[in-house]
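*Asks:* Here you go, data31.cif (mmCIF, C-alpha atoms):
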data_data
loop_
_atom_site.label_atom_id
_atom_site.label_comp_id
_atom_site.auth_asym_id
_atom_site.auth_seq_id
_atom_site.Cartn_x
_atom_site.Cartn_y
_atom_site.Cartn_z
CA MET A 5 0.00 0.00 0.00
CA ILE A 6 1.53 3.32 -1.06
CA GLU A 7 1.55 6.11 1.48
CA ILE A 8 1.85 9.63 0.10
CA SER A 9 3.72 10.87 3.13
CA SER A 10 6.49 8.32 2.66
CA ARG A 11 6.93 9.40 -0.97
CA ALA A 12 7.02 13.17 -0.50
CA THR A 13 10.82 13.53 -0.74
CA PHE A 14 10.93 11.20 -3.74
CA HIS A 15 8.25 13.18 -5.58
CA THR A 16 9.97 16.49 -4.80
CA ALA A 17 13.22 15.23 -6.29
CA LEU A 18 11.43 14.08 -9.42
CA LEU A 19 9.74 17.44 -9.77
CA MET A 20 13.03 19.31 -9.45
CA ARG A 21 14.73 17.11 -12.02
CA ALA A 22 11.83 17.50 -14.45
CA ALA A 23 11.85 21.26 -13.99
CA GLN A 24 15.54 21.31 -14.70
CA ARG A 25 14.89 19.38 -17.94
CA SER A 26 11.70 21.26 -18.51
CA ALA A 27 -7.99 -27.72 4.35
CA HIS A 28 -10.40 -27.29 7.58
CA LEU A 29 -9.68 -27.02 11.29
CA PRO A 30 -12.43 -28.21 13.71
CA GLY A 31 -14.27 -25.26 15.18
CA LEU A 32 -12.91 -22.95 12.48
CA SER A 33 -13.98 -24.39 9.11
CA TRP A 34 -17.55 -23.11 9.41
CA VAL A 35 -16.16 -19.59 9.69
CA ARG A 36 -14.90 -19.61 6.06
CA PRO A 37 -17.74 -17.34 4.86
CA LEU A 38 -17.35 -15.15 7.94
CA LEU A 39 -13.85 -13.78 7.46
CA PHE A 40 -14.09 -10.67 9.58
CA LEU A 41 -13.37 -7.48 7.66
CA GLY A 42 -12.58 -4.54 9.88
CA GLY A 43 -12.87 -1.05 8.47
CA CYS A 44 -9.46 -0.17 9.91
CA PHE A 45 -7.55 -2.12 7.25
CA PHE A 46 -9.75 -2.17 4.17
CA ILE A 47 -10.46 1.30 2.84
CA LEU A 48 -13.23 2.04 0.35
CA LEU A 49 -13.71 5.76 -0.08
CA PHE A 50 -17.44 6.31 -0.32
CA SER A 51 -17.94 10.08 -0.43
CA LEU A 52 -19.30 11.60 -3.62
CA ASN A 53 -16.18 13.72 -4.18
CA SER A 54 -13.47 11.18 -3.35
CA ASP A 55 -11.48 8.63 -5.31
CA ALA A 56 -14.38 6.25 -4.88
CA ALA A 57 -13.15 3.46 -7.12
CA GLU A 58 -9.61 3.25 -5.77
CA VAL A 59 -9.54 0.27 -3.43
CA GLU A 60 -6.81 -0.15 -0.83
CA GLY A 61 -6.11 -3.13 1.38
CA LEU A 62 -6.53 -5.74 -1.35
CA TYR A 63 -3.82 -7.91 0.21
CA GLU A 64 -4.99 -7.60 3.82
CA THR A 65 -7.76 -9.32 5.73
CA GLU A 66 -8.93 -10.46 9.15
CA VAL A 67 -10.03 -13.89 10.37
CA LEU A 68 -11.98 -14.79 13.50
CA VAL A 69 -10.06 -17.26 15.69
CA THR A 70 -10.41 -18.91 19.07
CA SER A 71 -6.78 -18.69 20.20
CA GLN A 72 -3.27 -17.64 19.22
CA GLY A 73 -2.03 -21.20 18.74
CA ARG A 74 0.25 -22.04 15.84
CA ASP A 75 -2.00 -24.65 14.21
CA GLU A 76 -5.02 -22.40 14.23
CA ARG A 77 -2.96 -19.48 12.97
CA ASN A 78 -1.63 -21.54 10.05
CA GLU A 79 -5.16 -22.59 9.09
CA ALA A 80 -6.35 -18.99 9.39
CA ILE A 81 -3.53 -17.90 7.06
CA ARG A 82 -4.74 -20.35 4.43
CA LEU A 83 -8.32 -19.11 4.77
CA ALA A 84 -7.14 -15.52 4.51
CA LEU A 85 -5.09 -16.35 1.42
CA ASP A 86 -8.24 -17.80 -0.16
CA GLU A 87 -9.99 -14.48 0.28
CA VAL A 88 -7.09 -12.39 -0.96
CA LEU A 89 -6.72 -14.49 -4.12
CA VAL A 90 -10.44 -14.16 -4.88
CA ARG A 91 -10.32 -10.42 -4.27
CA VAL A 92 -7.20 -9.82 -6.39
CA SER A 93 -8.30 -12.04 -9.29
CA GLY A 94 -12.04 -11.36 -9.18
CA ASP A 95 -12.68 -15.11 -9.55
CA ARG A 96 -14.06 -17.29 -6.74
CA ASN A 97 -12.47 -20.41 -8.31
CA THR A 98 -8.90 -19.09 -8.10
CA PRO A 99 -8.01 -20.73 -4.73
CA ARG A 100 -8.81 -24.16 -6.19
CA LEU A 101 -6.44 -23.91 -9.15
CA GLU A 102 -3.85 -26.67 -9.28
CA ALA A 103 -1.26 -24.18 -10.56
CA LEU A 104 -1.43 -22.30 -7.23
CA ARG A 105 -0.86 -25.28 -4.96
CA GLY A 106 2.76 -24.24 -4.48
CA LEU A 107 1.60 -20.80 -3.34
CA TYR A 108 -0.32 -22.40 -0.47
CA GLN A 109 2.66 -24.56 0.45
CA ARG A 110 4.62 -21.39 1.19
CA SER A 111 1.69 -19.38 2.55
CA LEU A 112 3.56 -18.64 5.80
CA GLN A 113 6.34 -16.94 3.85
CA LEU A 114 3.81 -14.72 2.08
CA VAL A 115 2.69 -13.07 5.32
CA GLN A 116 4.39 -9.70 5.79
CA GLN A 117 2.67 -8.77 9.07
CA TYR A 118 0.09 -10.17 11.45
CA ARG A 119 -1.39 -9.21 14.78
CA TYR A 120 -4.24 -10.19 17.08
CA ARG A 121 -6.94 -8.11 18.69
CA ALA A 122 -9.75 -9.07 21.03
CA LEU A 123 -13.36 -8.75 19.94
CA PRO A 124 -15.39 -6.31 22.05
CA ARG A 125 -17.87 -7.99 24.34
CA VAL A 126 -21.50 -7.01 24.07
CA ALA A 127 -23.21 -5.75 27.23
CA GLY A 128 -25.21 -8.52 28.84
CA GLN A 129 -23.43 -11.21 26.85
CA ARG A 130 -23.16 -14.53 28.69
CA GLY A 131 -20.32 -16.95 28.20
CA ASP A 132 -18.53 -17.55 24.93
CA THR A 133 -20.44 -16.78 21.78
CA MET A 134 -19.84 -17.71 18.14
CA ALA A 135 -18.34 -21.07 19.16
CA GLY A 136 -15.67 -19.39 21.27
CA LEU A 137 -14.46 -17.02 18.54
CA SER A 138 -13.20 -14.15 20.66
CA GLN A 139 -10.19 -12.84 18.73
CA VAL A 140 -9.38 -11.45 15.32
CA LEU A 141 -6.18 -12.24 13.44
CA TRP A 142 -5.16 -9.44 11.03
CA LEU A 143 -2.88 -10.47 8.17
CA SER A 144 -1.03 -8.60 5.44
CA PHE A 145 0.35 -10.56 2.47
CA ASP A 146 3.19 -9.75 0.06
CA PRO A 147 1.53 -8.16 -3.01
CA ALA A 148 4.50 -8.66 -5.34
CA ALA A 149 4.81 -12.38 -4.56
CA ILE A 150 1.10 -12.99 -5.00
CA ASP A 151 0.92 -11.03 -8.26
CA GLN A 152 3.95 -12.87 -9.62
CA ALA A 153 2.40 -16.26 -8.79
CA LEU A 154 -0.89 -15.31 -10.44
CA ARG A 155 0.81 -14.06 -13.58
CA LYS A 156 2.92 -17.22 -13.78
CA ALA A 157 -0.28 -19.28 -13.53
CA ALA A 158 -1.93 -17.07 -16.22
CA VAL A 159 -4.59 -15.97 -13.72
CA PRO A 160 -6.21 -12.57 -14.40
CA LEU A 161 -5.32 -9.69 -12.09
CA TRP A 162 -7.85 -7.05 -11.11
CA GLY A 163 -6.05 -3.87 -10.12
CA GLN A 164 -6.69 -1.38 -7.36
CA VAL A 165 -8.79 0.96 -9.51
CA ARG A 166 -12.20 -0.67 -10.02
CA PRO A 167 -15.65 0.32 -11.31
CA ALA A 168 -17.80 1.81 -8.57
CA THR A 169 -21.32 0.38 -8.23
CA LEU A 170 -24.46 2.09 -6.97
CA VAL A 171 -27.10 -0.26 -5.52
CA TRP A 172 -30.84 0.39 -5.54
CA MET A 173 -32.72 -2.28 -3.61
CA VAL A 174 -36.29 -2.78 -2.39
CA VAL A 175 -37.17 -5.38 0.23
CA ASP A 176 -40.73 -6.75 0.48
CA ASP A 177 -41.20 -8.42 3.86
CA GLY A 178 -44.77 -9.62 4.21
CA GLY A 179 -46.19 -6.86 2.04
CA LEU A 180 -44.17 -4.11 3.75
CA ARG A 181 -41.76 -2.63 1.20
CA SER A 182 -38.65 -0.66 2.12
CA LEU A 183 -35.96 0.92 -0.07
CA MET A 184 -32.37 0.65 1.13
CA GLY A 185 -30.75 4.04 1.40
CA GLY A 186 -30.03 6.75 3.91
CA GLY A 187 -30.85 5.28 7.30
CA SER A 188 -33.29 2.59 6.13
CA LEU A 189 -32.50 -1.14 6.23
CA PRO A 190 -29.20 -0.66 8.11
CA GLN A 191 -28.64 -4.40 8.59
CA ALA A 192 -29.00 -5.03 4.87
CA GLN A 193 -26.61 -2.17 4.16
CA GLN A 194 -24.04 -3.61 6.55
CA THR A 195 -24.33 -7.10 5.04
CA MET A 196 -23.83 -5.84 1.50
CA GLN A 197 -20.96 -3.54 2.44
CA GLN A 198 -19.15 -6.34 4.26
CA GLN A 199 -19.51 -8.66 1.27
CA ALA A 200 -18.38 -5.85 -1.03
CA GLN A 201 -15.29 -5.40 1.13
CA ARG A 202 -14.65 -9.12 0.93
CA ARG A 203 -14.70 -8.94 -2.86
CA GLY A 204 -12.87 -5.62 -3.19
CA LEU A 205 -15.89 -3.95 -4.78
CA PRO A 206 -16.52 -0.20 -4.31
CA LEU A 207 -20.23 -0.21 -3.46
CA PHE A 208 -22.39 2.89 -2.94
CA VAL A 209 -25.75 3.08 -1.19
CA PRO A 210 -27.95 6.00 -2.30
CA LEU A 211 -28.65 8.86 0.08
CA TRP A 212 -32.37 8.57 -0.67
CA ASP A 213 -32.74 12.24 0.19
CA LEU A 214 -35.19 14.71 -1.31
CA GLU A 215 -33.16 14.97 -4.52
CA ASP A 216 -33.27 11.19 -4.99
CA GLN A 217 -36.98 11.01 -4.19
CA ILE A 218 -37.75 13.69 -6.77
CA ALA A 219 -35.62 12.01 -9.43
CA LEU A 220 -36.74 8.43 -8.81
CA ARG A 221 -39.94 6.90 -7.55
CA PHE A 222 -40.11 3.92 -5.25
CA THR A 223 -42.07 1.98 -7.89
CA ASP A 224 -39.37 2.66 -10.49
CA VAL A 225 -36.94 0.55 -8.50
CA TRP A 226 -39.43 -2.24 -7.76
CA GLY A 227 -40.46 -2.33 -11.43
CA ASN A 228 -36.82 -2.12 -12.55
CA PHE A 229 -37.59 0.63 -15.06
CA GLU A 230 -34.22 1.10 -16.71
CA ASP A 231 -34.57 4.64 -18.08
CA ALA A 232 -35.84 6.07 -14.79
CA ILE A 233 -33.13 4.27 -12.79
CA LEU A 234 -30.31 5.44 -15.05
CA GLN A 235 -31.55 9.03 -14.94
CA GLY A 236 -32.07 8.93 -11.18
CA SER A 237 -28.55 7.58 -10.67
CA ALA A 238 -26.77 10.26 -12.70
CA ARG A 239 -25.80 12.36 -9.65
CA TYR A 240 -23.65 9.51 -8.29
CA ALA A 241 -21.61 9.11 -11.51
CA THR A 242 -20.79 5.45 -10.85
CA GLU A 243 -19.68 3.10 -13.60
CA ALA A 244 -22.25 0.43 -12.69
CA ILE A 245 -25.74 0.28 -11.16
CA LEU A 246 -27.15 -2.73 -9.31
CA VAL A 247 -30.92 -3.10 -8.90
CA GLY A 248 -32.21 -5.67 -6.40
CA ARG A 249 -35.70 -6.79 -5.47
CA LEU A 250 -36.08 -9.07 -2.44
CA PHE A 251 -39.23 -10.64 -1.08
CA ARG A 252 -40.03 -13.34 1.44
CA GLN A 253 -42.16 -16.22 0.19
CA SER A 254 -44.94 -17.81 2.20
CA ASP A 255 -42.63 -20.65 3.27
CA GLY A 256 -40.13 -18.14 4.66
CA LEU A 257 -37.63 -18.54 1.83
CA TRP A 258 -36.08 -15.33 0.57
CA GLU A 259 -36.09 -14.77 -3.18
CA SER A 260 -34.00 -12.11 -4.91
CA ARG A 261 -33.81 -10.80 -8.45
CA TRP A 262 -30.82 -8.74 -9.53
CA THR A 263 -29.93 -6.61 -12.55
CA LEU A 264 -26.56 -5.00 -13.22
CA TYR A 265 -26.38 -2.08 -15.65
CA GLN A 266 -22.85 -1.41 -16.86
CA GLY A 267 -21.34 -0.14 -20.09
CA GLY A 268 -24.68 0.04 -21.91
CA GLU A 269 -25.45 -3.60 -21.14
CA SER A 270 -27.55 -5.39 -18.53
CA VAL A 271 -27.02 -8.71 -16.74
CA HIS A 272 -29.71 -10.54 -14.74
CA TRP A 273 -29.59 -13.29 -12.10
CA GLN A 274 -31.64 -14.69 -9.22
CA ALA A 275 -30.89 -16.22 -5.85
CA ASN A 276 -32.99 -18.03 -3.22
CA ALA A 277 -31.94 -18.82 0.35
CA PRO A 278 -33.40 -19.25 3.84
CA LEU A 279 -31.51 -16.20 5.15
CA GLN A 280 -31.77 -12.68 3.81
CA ALA A 281 -28.02 -12.20 4.29
CA GLU A 282 -27.35 -15.03 1.83
CA VAL A 283 -29.33 -13.49 -1.01
CA LEU A 284 -27.81 -10.08 -0.30
CA SER A 285 -24.34 -11.57 -0.55
CA ALA A 286 -25.36 -13.31 -3.78
CA GLY A 287 -26.23 -9.92 -5.22
CA VAL A 288 -22.78 -8.54 -4.42
CA ASP A 289 -21.05 -11.70 -5.65
CA GLY A 290 -22.89 -11.45 -8.95
CA VAL A 291 -21.57 -7.94 -9.49
CA ALA A 292 -18.00 -8.84 -8.51
CA ASP A 293 -18.03 -11.99 -10.67
CA HIS A 294 -19.27 -10.10 -13.73
CA LEU A 295 -16.96 -7.10 -13.37
CA GLY A 296 -14.01 -9.34 -12.53
CA ARG A 297 -14.51 -11.38 -15.70
CA ARG A 298 -14.77 -8.20 -17.73
CA PHE A 299 -11.94 -6.11 -16.31
CA ALA A 300 -9.39 -8.44 -14.71
CA LYS A 301 -6.54 -9.02 -17.15
CA VAL A 302 -4.03 -11.76 -17.82
CA PHE A 303 -0.70 -9.96 -18.19
CA ASP A 304 1.96 -11.34 -20.49
CA GLU A 305 5.28 -10.14 -19.07
CA SER A 306 6.79 -10.31 -22.56
CA GLN A 307 4.30 -7.72 -23.84
CA SER A 308 4.99 -4.21 -22.62
CA SER A 309 4.99 -0.76 -24.11
CA ARG A 310 5.90 2.83 -23.33
CA LEU A 311 3.51 5.74 -23.54
CA LYS A 312 3.20 9.34 -22.47
CA VAL A 313 0.52 10.60 -20.12
CA VAL A 314 0.07 14.37 -20.17
CA VAL A 315 -1.77 15.77 -17.12
CA LYS A 316 -3.04 19.36 -17.00
CA ASP A 317 -4.14 21.45 -14.00
CA VAL A 318 -1.43 20.15 -11.65
CA ARG A 319 -1.34 23.32 -9.56
CA SER A 320 0.51 22.23 -6.42
CA LEU A 321 3.00 19.74 -5.04
CA ALA A 322 0.09 17.94 -3.36
CA GLY A 323 -1.65 17.63 -6.73
CA TYR A 324 1.56 16.37 -8.30
CA ALA A 325 2.01 13.77 -5.56
CA ARG A 326 -1.62 12.64 -5.92
CA THR A 327 -1.25 12.22 -9.67
CA SER A 328 2.03 10.34 -9.38
CA GLN A 329 0.69 8.06 -6.66
CA PHE A 330 -2.40 7.28 -8.70
CA LEU A 331 -0.38 6.33 -11.79
CA GLN A 332 1.97 4.18 -9.70
CA SER A 333 -1.01 2.36 -8.15
CA LEU A 334 -2.32 1.10 -11.51
CA ASP A 335 -1.65 -2.57 -12.01
CA GLU A 336 -0.77 -2.08 -15.68
CA VAL A 337 2.00 0.40 -14.84
CA THR A 338 5.44 -1.00 -14.09
CA SER A 339 7.46 2.23 -14.23
CA VAL A 340 6.68 5.94 -13.82
CA GLN A 341 9.09 8.73 -14.77
CA VAL A 342 8.54 12.45 -15.24
CA ASP A 343 9.40 13.66 -18.73
CA SER A 344 8.69 17.38 -18.27
CA VAL A 345 6.90 19.99 -16.18
CA VAL A 346 5.69 23.08 -18.02
CA GLY A 347 3.50 25.44 -16.05
CA GLU A 348 0.63 23.37 -14.65
CA THR A 349 1.16 20.48 -17.08
CA VAL A 350 3.18 17.38 -16.21
CA THR A 351 4.16 14.81 -18.83
CA TYR A 352 4.83 11.30 -17.53
CA ASP A 353 6.75 8.54 -19.28
CA LEU A 354 5.17 5.18 -18.38
CA GLN A 355 6.20 1.59 -18.93
CA VAL A 356 3.00 -0.46 -19.05
CA ARG A 357 1.79 -3.99 -19.51
CA GLY A 358 -0.45 -4.15 -22.56
CA ASN A 359 -1.43 -1.04 -24.51
CA SER A 360 -2.80 2.45 -24.03
CA GLU A 361 -6.42 1.34 -24.48
CA GLY A 362 -6.32 -0.91 -21.42
CA LEU A 363 -4.62 1.75 -19.32
CA ALA A 364 -7.14 4.41 -20.39
CA GLN A 365 -10.00 2.15 -19.35
CA THR A 366 -8.51 1.61 -15.89
CA ILE A 367 -7.84 5.32 -15.40
CA SER A 368 -11.47 6.08 -16.28
CA PHE A 369 -12.66 4.09 -13.25
CA GLY A 370 -10.86 6.41 -10.85
CA ARG A 371 -11.74 9.89 -9.67
CA THR A 372 -8.28 11.36 -10.08
CA LEU A 373 -7.93 12.08 -13.81
CA VAL A 374 -10.45 12.90 -16.51
CA GLU A 375 -9.63 12.55 -20.20
CA VAL A 376 -9.37 15.74 -22.28
CA PRO A 377 -8.64 16.40 -25.97
CA ALA A 378 -4.98 16.55 -26.96
CA VAL A 379 -3.54 20.04 -26.53
CA ILE A 380 -0.34 21.76 -27.60
CA ASN A 381 -0.85 25.10 -25.83
CA VAL A 382 0.61 24.11 -22.47
CA ASP A 383 3.15 26.89 -22.00
CA ALA A 384 2.86 28.72 -18.67
CA SER A 385 2.87 32.07 -20.50
CA GLY A 386 0.10 30.97 -22.86
CA GLY A 387 2.40 30.50 -25.84
CA LEU A 388 2.55 27.41 -28.00
CA HIS A 389 4.67 24.60 -26.63
CA THR A 390 5.39 21.22 -28.16
CA PRO A 391 6.40 18.48 -25.68
CA SER A 392 9.99 17.34 -25.99
CA TRP A 393 9.00 13.81 -26.92
CA ALA A 394 6.91 15.12 -29.82
CA MET A 395 9.74 17.36 -31.05
CA ALA A 396 12.11 14.41 -31.03
CA GLY A 397 9.72 12.45 -33.22
CA GLU A 398 9.55 9.55 -30.79
CA ALA A 399 6.92 6.92 -31.63
CA TYR A 400 4.89 7.02 -28.43
CA ASP A 401 1.23 6.48 -27.73
CA HIS A 402 0.00 9.30 -25.57
CA LEU A 403 -3.00 10.07 -23.38
CA TRP A 404 -4.20 13.50 -22.24
CA TYR A 405 -5.88 14.17 -18.90
CA ARG A 406 -6.85 16.88 -16.44
CA LEU A 407 -6.33 16.46 -12.69
CA LEU A 408 -9.64 16.61 -10.85
CA PRO A 409 -9.86 18.79 -7.69
#
Could you write out this file's structure as structure tokens?
*Replies:*
Amino acid sequence: MIEISSRATFHTALLMRAAQRSAHLPGLSWVRPLLFLGGCFFILLFSLNSDAAEVEGLYETEVLVTSQGRDERNEAIRLALDEVLVRVSGDRNTPRLEALRGLYQRSLQLVQQYRYRALPRVAGQRGDTMAGLSQVLWLSFDPAAIDQALRKAAVPLWGQVRPATLVWMVVDDGGLRSLMGGGSLPQAQQTMQQQAQRRGLPLFVPLWDLEDQIALRFTDVWGNFEDAILQGSARYATEAILVGRLFRQSDGLWESRWTLYQGGESVHWQANAPLQAEVLSAGVDGVADHLGRRFAKVFDESQSSRLKVVVKDVRSLAGYARTSQFLQSLDEVTSVQVDSVVGETVTYDLQVRGNSEGLAQTISFGRTLVEVPAVINVDASGGLHTPSWAMAGEAYDHLWYRLLP
């Protein structure tokens, strides 16, 4: 995980140079679906004006345990590795691949850090609850080693920048219908957010304030009226929209119907289960499975290219550091160098896996850069300026962006 503060001196030096140039354990196996995800380690930025689709903590997780014994810790590490591999690849089948068996055999060596913390006890709680699970084991794995193993096994990698998803959901419980948003259905919100964290999916819940209620009617969501939903979701500017309709049948079984709108297409699926939490998780899993298949990439280390990324409106050192950090965080990018700084425009020289089209798609999921038409007038004084790489006639692909506030 890159910390801006630890890179400040490095970024300053770059800026100056550019300016100068111009298995199951008893009592634990049933916890597999309950890997405990604490908000302290897994950060999804959910405000409307933040980098909402930039997911941190992909290689970290927490597992509920009963003790700090070695055997239980080793089993917890394997369970945690399962989750990390699913999250990084976007595919729930990844942990079962034969090609990754060797990764599990050295799972202990993949752990960079771990620590325990006690679970808070609930007032009035008697005795041990949750089968004696009273502690949480936090684990951080080596990203480079995991990525290398996945690439060697030709497993797709889903980078840190991911499509954000807005979820509209109505629950019908015995004829009483409620729309999830704002302060309504808090338990359902928590369940879906926890599953989204498990899968590394940036998930938004609507505010369902007056603006939402004017733009979208309750019946529009229940009827899954596409045009109304897309228009009513415009203020959130997410790349995907999930619509869910849940209702309890007479026998108590929960039935759910889900639709994902993304990229001008729609995908539909259903799920039935005795528990509401199970169908809610199935909704999130459906989104993560679909987006993972679409956007996770198999990287061929023998295929790489260089390209220029020109970024306008970089008005401060903080903006420069944010831009540089964002580019370094992209999974396609293997090397970032500054080519030139002219006024408020920074030109980066990138070494990337794949081509410019794939990189541009990944950048579009973030909230850091927005694509702009190619420009030549980038001189601080307003005069015409041609970038040095263009003057030299170098055969580079290039992308043009503006740094968002």
*Asks:* So that I can see what lies close to A:Ala168, please list as a PyMOL selection string the residues with an atom at most 9 Å from it, counting only C-alpha atoms and leaving out residues fewer than 2 positions away in the same chain.
*Replies:* chain A and resi 56-58+166+170+205-208+241-245+369-370
*Asks:* Using the chain letters and numbering of this document, enumerate as a ChimeraX atom specification the residues selected by the PyMOL selection byres ((chain A and resi 183) around 6).
*Replies:* /A:173-174,182,184
*Asks:* Please indicate the distance in Å from atom CA of A:Ala275 to atom CA of A:Phe222, rounded to one decimal place.
*Replies:*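 These atoms are spaced 22.2 Å apart.
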*Asks:* Which residue gives the smallest distance to A:Ala158 among A:His272, A:Arg105, A:Ser93, A:Glu336, with all atoms listed in the file counted?
*Replies:*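 Closest candidate: A:Ser93.
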*Asks:* Fewer than 4 positions away in the same chain doesn't count, so skip those; otherwise give me all residues within 12 Å of A:Gly73, counting all atoms listed in the file, as a VMD selection string.
*Replies:* chain A and resid 69 77 to 80 120 139 141
*Asks:* Grab the atom CA of A:Leu373 to atom CA of A:Gln198 distance for me, in Å with one decimal place.
*Replies:*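 Atom-to-atom, atom CA of A:Leu373 to atom CA of A:Gln198, that is 28.1 Å.
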*Asks:* From the list A:Val165, A:Leu279, A:Leu403, A:Val356, which residue is nearest A:Gly256 when using only C-alpha atoms?
*Replies:* A:Leu279
*Asks:* Box in all listed atoms of stretch 81-85 of chain A, axis-aligned, with 8 Å more on each side; write out centre and edge lengths in Å to one decimal as JSON.
*Replies:*
{"center_x": -5.9, "center_y": -17.9, "center_z": 4.2, "size_x": 20.8, "size_y": 20.8, "size_z": 21.6}
*Asks:* Go ahead and compute the interatomic distance for atom CA of A:Leu211 and atom CA of A:Glu66, in Å to one decimal.
*Replies:* 29.1 Å
*Asks:* Taking the file above as input, evaluate the PyMOL selection byres ((chain A and resi 251) around 8) and report the hits as a list in words.
*Replies:*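 Checking the PyMOL selection byres ((chain A and resi 251) around 8) against this file, the residues are Val175, Asp176, Asp177, Gly178, Arg249, Leu250, Arg252, Gln253, Trp258, Glu259 and Ser260 of chain A.
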*Asks:* Convert the current residue selection to file output with C-alpha atoms, as a short mmCIF file (atom, residue, chain, number, x, y, z; two decimals), keeping the file's coordinate frame.
*Replies:*
data_model
loop_
_atom_site.label_atom_id
_atom_site.label_comp_id
_atom_site.auth_asym_id
_atom_site.auth_seq_id
_atom_site.Cartn_x
_atom_site.Cartn_y
_atom_site.Cartn_z
CA VAL A 175 -37.17 -5.38 0.23
CA ASP A 176 -40.73 -6.75 0.48
CA ASP A 177 -41.20 -8.42 3.86
CA GLY A 178 -44.77 -9.62 4.21
CA ARG A 249 -35.70 -6.79 -5.47
CA LEU A 250 -36.08 -9.07 -2.44
CA ARG A 252 -40.03 -13.34 1.44
CA GLN A 253 -42.16 -16.22 0.19
CA TRP A 258 -36.08 -15.33 0.57
CA GLU A 259 -36.09 -14.77 -3.18
CA SER A 260 -34.00 -12.11 -4.91
#
*Asks:* Dump as a tab-separated table (two decimals) with C-alpha atoms, keeping the file's coordinate frame all residues having an atom at most 8 Å from (-25.5, 7.1, -1.8), computed in the file's coordinates with all atoms listed in the file.
*Replies:*
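The new file result09.tsv reads:
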chain	number	residue	atom	x	y	z
A	52	LEU	CA	-19.30	11.60	-3.62
A	170	LEU	CA	-24.46	2.09	-6.97
A	185	GLY	CA	-30.75	4.04	1.40
A	186	GLY	CA	-30.03	6.75	3.91
A	208	PHE	CA	-22.39	2.89	-2.94
A	209	VAL	CA	-25.75	3.08	-1.19
A	210	PRO	CA	-27.95	6.00	-2.30
A	211	LEU	CA	-28.65	8.86	0.08
A	212	TRP	CA	-32.37	8.57	-0.67
A	240	TYR	CA	-23.65	9.51	-8.29
*Asks:* Using all atoms listed in the file, which of A:Asn276, A:Ser111, A:Gln193, A:Thr98 sits nearest A:Arg261?
*Replies:*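 Among the listed residues, A:Asn276 lies closest to A:Arg261.
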*Asks:* Using only C-alpha atoms for the distances, tell me which of A:Ala322, A:Val374, A:Leu143, A:Val313 is nearest to A:Val337.
*Replies:*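 Counting only C-alpha atoms, the residue closest to A:Val337 is A:Val313.
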*Asks:* On this structure, the PyMOL selection byres ((chain A and resi 225) around 10) would catch which residues? List them as number ranges by chain, sorted by chain and number.
*Replies:* A: 172-174, 183, 220-224, 226-230, 232-233, 247-249
*Asks:* Neighbouring residues of A:Ser339 were defined as those with any atom within 12 Å, considering all atoms listed in the file; residues of the same chain fewer than 6 positions away were excluded. Please report them as an MDAnalysis selection string.
*Replies:* chainID A and resid 308:312 328:329 331:333 352:357
*Asks:* Keeping C-alpha atoms for every residue in the selection just given, could you write it to a file as a PDB file, keeping the file's coordinate frame?
*Replies:*
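The resulting file, part_23.pdb, is reproduced below:
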ATOM      1  CA  SER A 308       4.990  -4.210 -22.620  1.00  0.00           C
ATOM      2  CA  SER A 309       4.990  -0.760 -24.110  1.00  0.00           C
ATOM      3  CA  ARG A 310       5.900   2.830 -23.330  1.00  0.00           C
ATOM      4  CA  LEU A 311       3.510   5.740 -23.540  1.00  0.00           C
ATOM      5  CA  LYS A 312       3.200   9.340 -22.470  1.00  0.00           C
ATOM      6  CA  SER A 328       2.030  10.340  -9.380  1.00  0.00           C
ATOM      7  CA  GLN A 329       0.690   8.060  -6.660  1.00  0.00           C
ATOM      8  CA  LEU A 331      -0.380   6.330 -11.790  1.00  0.00           C
ATOM      9  CA  GLN A 332       1.970   4.180  -9.700  1.00  0.00           C
ATOM     10  CA  SER A 333      -1.010   2.360  -8.150  1.00  0.00           C
ATOM     11  CA  TYR A 352       4.830  11.300 -17.530  1.00  0.00           C
ATOM     12  CA  ASP A 353       6.750   8.540 -19.280  1.00  0.00           C
ATOM     13  CA  LEU A 354       5.170   5.180 -18.380  1.00  0.00           C
ATOM     14  CA  GLN A 355       6.200   1.590 -18.930  1.00  0.00           C
ATOM     15  CA  VAL A 356       3.000  -0.460 -19.050  1.00  0.00           C
ATOM     16  CA  ARG A 357       1.790  -3.990 -19.510  1.00  0.00           C
TER      17      ARG A 357
END
*Asks:* Tell me which protein, DNA and RNA residues are within 9 Å of stretch 84-91 of chain A, counting all atoms listed in the file, leaving out same-chain ones fewer than 4 positions away, and put them as a ChimeraX atom specification.
*Replies:* /A:36,39,62-67,79-80,95-100,108,111,143,145,150,154,162,201-205,292
*Asks:* Using only C-alpha atoms, which of the listed residues (A:Trp404, A:Tyr118, A:Trp262, A:Phe303) sits closest to A:Val315?
*Replies:*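 The closest residue to A:Val315 is A:Trp404.
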*Asks:* Which polymer residues, whether protein, DNA or RNA, lie within 7 Å of the coordinate (-9.3, -15.2, 18.6) when you count only C-alpha atoms? List them as an MDAnalysis selection string, using the chain letters and numbers from the file.
*Replies:* chainID A and resid 68:72 122 137:141
*Asks:* Kindly save the residues from that selection, with C-alpha atoms included, as a short mmCIF file (atom, residue, chain, number, x, y, z; two decimals), in the coordinates of the input.
*Replies:*
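As a result, part-v4.cif now contains:
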data_model
loop_
_atom_site.label_atom_id
_atom_site.label_comp_id
_atom_site.auth_asym_id
_atom_site.auth_seq_id
_atom_site.Cartn_x
_atom_site.Cartn_y
_atom_site.Cartn_z
CA LEU A 68 -11.98 -14.79 13.50
CA VAL A 69 -10.06 -17.26 15.69
CA THR A 70 -10.41 -18.91 19.07
CA SER A 71 -6.78 -18.69 20.20
CA GLN A 72 -3.27 -17.64 19.22
CA ALA A 122 -9.75 -9.07 21.03
CA LEU A 137 -14.46 -17.02 18.54
CA SER A 138 -13.20 -14.15 20.66
CA GLN A 139 -10.19 -12.84 18.73
CA VAL A 140 -9.38 -11.45 15.32
CA LEU A 141 -6.18 -12.24 13.44
#
